Amino acid sequence: MTEIIEKIKDIAVEISDAIKTKDTGYADTCNISGDIQVKLDVISDDIVEKHLSCVNSVNEIISEEKEEPVKFNENGKYLVAYDPLDGSSLIDVNLSVGSIFGIYKGDYSGENIVAAVYVVYGPRLELVVARDNVELFRFNEKTQNFDYIREIKLNEKGKILGPGGTQKCWYPYHKEMIDNLFKEGYRLRYSGGMVPDLHQILLKGGGLFAYPGTTDKPKGKLRKLFEVFPFAYVFNKAGGLAIDGENDLLKLSYQGFHDTTPCFFGSNYEIEVVLNTYKGRK
Ligand code: P6P
């Protein structure tokens with residue numbers, strides 16, 4: 001496991017350099033989810049595959065940018081599901097983006113995730129590792145290493161609200177819940193990049209990020225294996241909760257590798273608000 005995490009640090013540095021130096025144009029391809037790929041999606045995916053293919057403990061990998069898993073080592077203990085460059089379309093407007101890694105044993109269901117790592121490509125290159133606890137690291141340009149900064153813990157109640165999804169497609173009860181939270185004084189923080197949006201809530205003590213089921217996307221938009229389960233693991237280990245509206249996200253399984261789910265990540269108070277809103281709604 002440690003070898004995988006160390007490789008992810010190398011991956012982070014190489015993708016960070018690619019973001020600064022490579023063409024950000026669109027590739028003429030789509031991924032399996034139908035997202036138009038930017039060239040950096042493909043470059044980043046290749047960087048991840050190059051590094052993880054050298055780790056003996058990695059049995060196989062699967063990427064948001066790949067239709068099927070890639071098998072490396074039958075005897076490897078771990079499966080790695082990742083989004084190599086989440087929110088890549090934001091690079092063109094110079095907003096922060098990220099990479100997300102879920103490390104699993106056995107299969108990719110939520111209960112089998114054993115660690116999560118995410119990288120934030122922002123004004124600073126930062127990396128967060130969730131194992132028994134959640135630790136923040138920051139890249140030191142002088143030493144070319146990641147320095148440990150601090151442990152990340154969520155407060156019982158936060159101040160930040162990231163309301164995702166197309167608002168005109170929100171179910172009425174969801175809209176009422178969001179409106180009420182804003183009336184309580186929550187601050188709107190939503191860039192359209194899952195990684196920086198969740199990173200901000202984690203670093204500023206808590207709140208709620210919601211990407212619900214909507215009339216146009218009843219199963220939500222965010223992908224279970226590559227985005228949702230890793231961040232659900234992070235939020236649980238940081239003292240918060242992560243649900244689909246009713247169930248703990250880490251209790252969910254999957255049918256297809258690219259399944260999506262409604263998802264809510266936050267401090268305990270805000271998740272309780274979601275549970276009370278969504279109770280019996282399905
Ligand atoms: P919307 C980026 O494309 C992404 O997958 C996540 O990073 C982000 O949270 C979400 O989609 C934003 O979706 O519908 O608000 O543009």
# chains A, B, ... in the order shown; residues from 1 in each chain; ligands from 1
call {"tool": "closest_atom_pairs", "arguments": {"of": "chain A", "to": "ligand 1", "cutoff": "9 Å", "atoms": "only C-alpha atoms and all ligand atoms", "output": "CSV"}}
result
residue,atom,partner,partner_atom_place_in_ligand_line,distance
A:Asp35,CA,ligand 1,3 (O),8.3
A:Leu85,CA,ligand 1,7 (O),8.9
A:Asp86,CA,ligand 1,7 (O),5.2
A:Gly87,CA,ligand 1,2 (C),3.8
A:Ser88,CA,ligand 1,3 (O),7.1
A:Ser89,CA,ligand 1,3 (O),7.1
A:Leu90,CA,ligand 1,2 (C),8.2
A:Val97,CA,ligand 1,7 (O),7.8
A:Gly98,CA,ligand 1,7 (O),8.2
A:Pro163,CA,ligand 1,15 (O),8.3
A:Gly164,CA,ligand 1,15 (O),4.9
A:Gly165,CA,ligand 1,14 (O),4.7
A:Thr166,CA,ligand 1,14 (O),6.0
A:Tyr190,CA,ligand 1,15 (O),8.1
A:Ser191,CA,ligand 1,9 (O),7.9
A:Gly192,CA,ligand 1,12 (C),4.2
A:Gly193,CA,ligand 1,7 (O),3.9
A:Met194,CA,ligand 1,9 (O),3.5
A:Val195,CA,ligand 1,7 (O),6.3
A:Pro196,CA,ligand 1,7 (O),8.4
A:Asp197,CA,ligand 1,9 (O),7.3
A:Leu198,CA,ligand 1,9 (O),8.6
A:Phe209,CA,ligand 1,9 (O),8.9
A:Ala210,CA,ligand 1,9 (O),8.9
A:Tyr211,CA,ligand 1,9 (O),7.3
A:Lys221,CA,ligand 1,11 (O),6.9
A:Leu222,CA,ligand 1,5 (O),5.9
A:Arg223,CA,ligand 1,5 (O),8.0
A:Glu227,CA,ligand 1,5 (O),8.2
call {"tool": "select_by_dssp", "arguments": {"residues": "stretch 91-171 of chain A", "states": "helix (DSSP H, G or I)", "output": "list of chain:residue names"}}
result
A:Ile91, A:Asp92, A:Val93, A:Gly110, A:Glu111, A:Asn112, A:Gln167, A:Lys168, A:Cys169
call {"tool": "write_last_selection", "arguments": {"atoms": "C-alpha atoms", "output": "compact mmCIF listing (two decimals), in the first residue's frame"}}
result
# COMPACT_ATOMS: atom_id res chain seq x y z
CA ILE A 91 -8.11 24.07 -16.85
CA ASP A 92 -9.07 26.31 -19.77
CA VAL A 93 -10.39 28.88 -17.29
CA GLY A 110 -17.66 0.62 -1.28
CA GLU A 111 -17.07 -1.76 1.62
CA ASN A 112 -13.85 -3.02 0.00
CA GLN A 167 -30.88 23.60 -10.31
CA LYS A 168 -33.89 23.57 -12.64
CA CYS A 169 -33.76 19.75 -12.42
call {"tool": "residues_around", "arguments": {"residues": "stretch 10-13 of chain A", "least_positions_apart": "5", "cutoff": "12 Å", "atoms": "only C-alpha atoms", "output": "number ranges by chain"}}
result
A: 3-5, 18-20, 43-52, 82, 84-85, 97-101, 117-122, 124-128, 137-141, 144-146
call {"tool": "closest_atom_pairs", "arguments": {"of": "stretch 85-178 of chain A", "to": "stretch 254-260 of chain A", "cutoff": "10 Å", "atoms": "only C-alpha atoms", "output": "Markdown table"}}
result
| residue | atom | partner | partner_atom | distance |
| --- | --- | --- | --- | --- |
| A:Asp107 | CA | A:Tyr254 | CA | 9.8 |
| A:Tyr108 | CA | A:Tyr254 | CA | 7.7 |
| A:Ser109 | CA | A:Tyr254 | CA | 6.3 |
| A:Gly110 | CA | A:Tyr254 | CA | 8.6 |
call {"tool": "atom_distance", "arguments": {"atom1": "atom CA of A:Lys7", "atom2": "atom CA of A:Ser57"}}
result
11.8 Å
call {"tool": "closest_residue", "arguments": {"among": "A:Lys237, A:Lys22, A:Lys157, A:Lys9", "to": "A:Val273", "atoms": "only C-alpha atoms"}}
result
A:Lys157
call {"tool": "select_by_dssp", "arguments": {"residues": "stretch 2-198 of chain A", "states": "strand (DSSP E)", "output": "ChimeraX atom specification"}}
result
/A:26-30,36-38,58-63,70-71,78-86,97-104,113-121,125-130,134-140,145-151,160-163,187-188
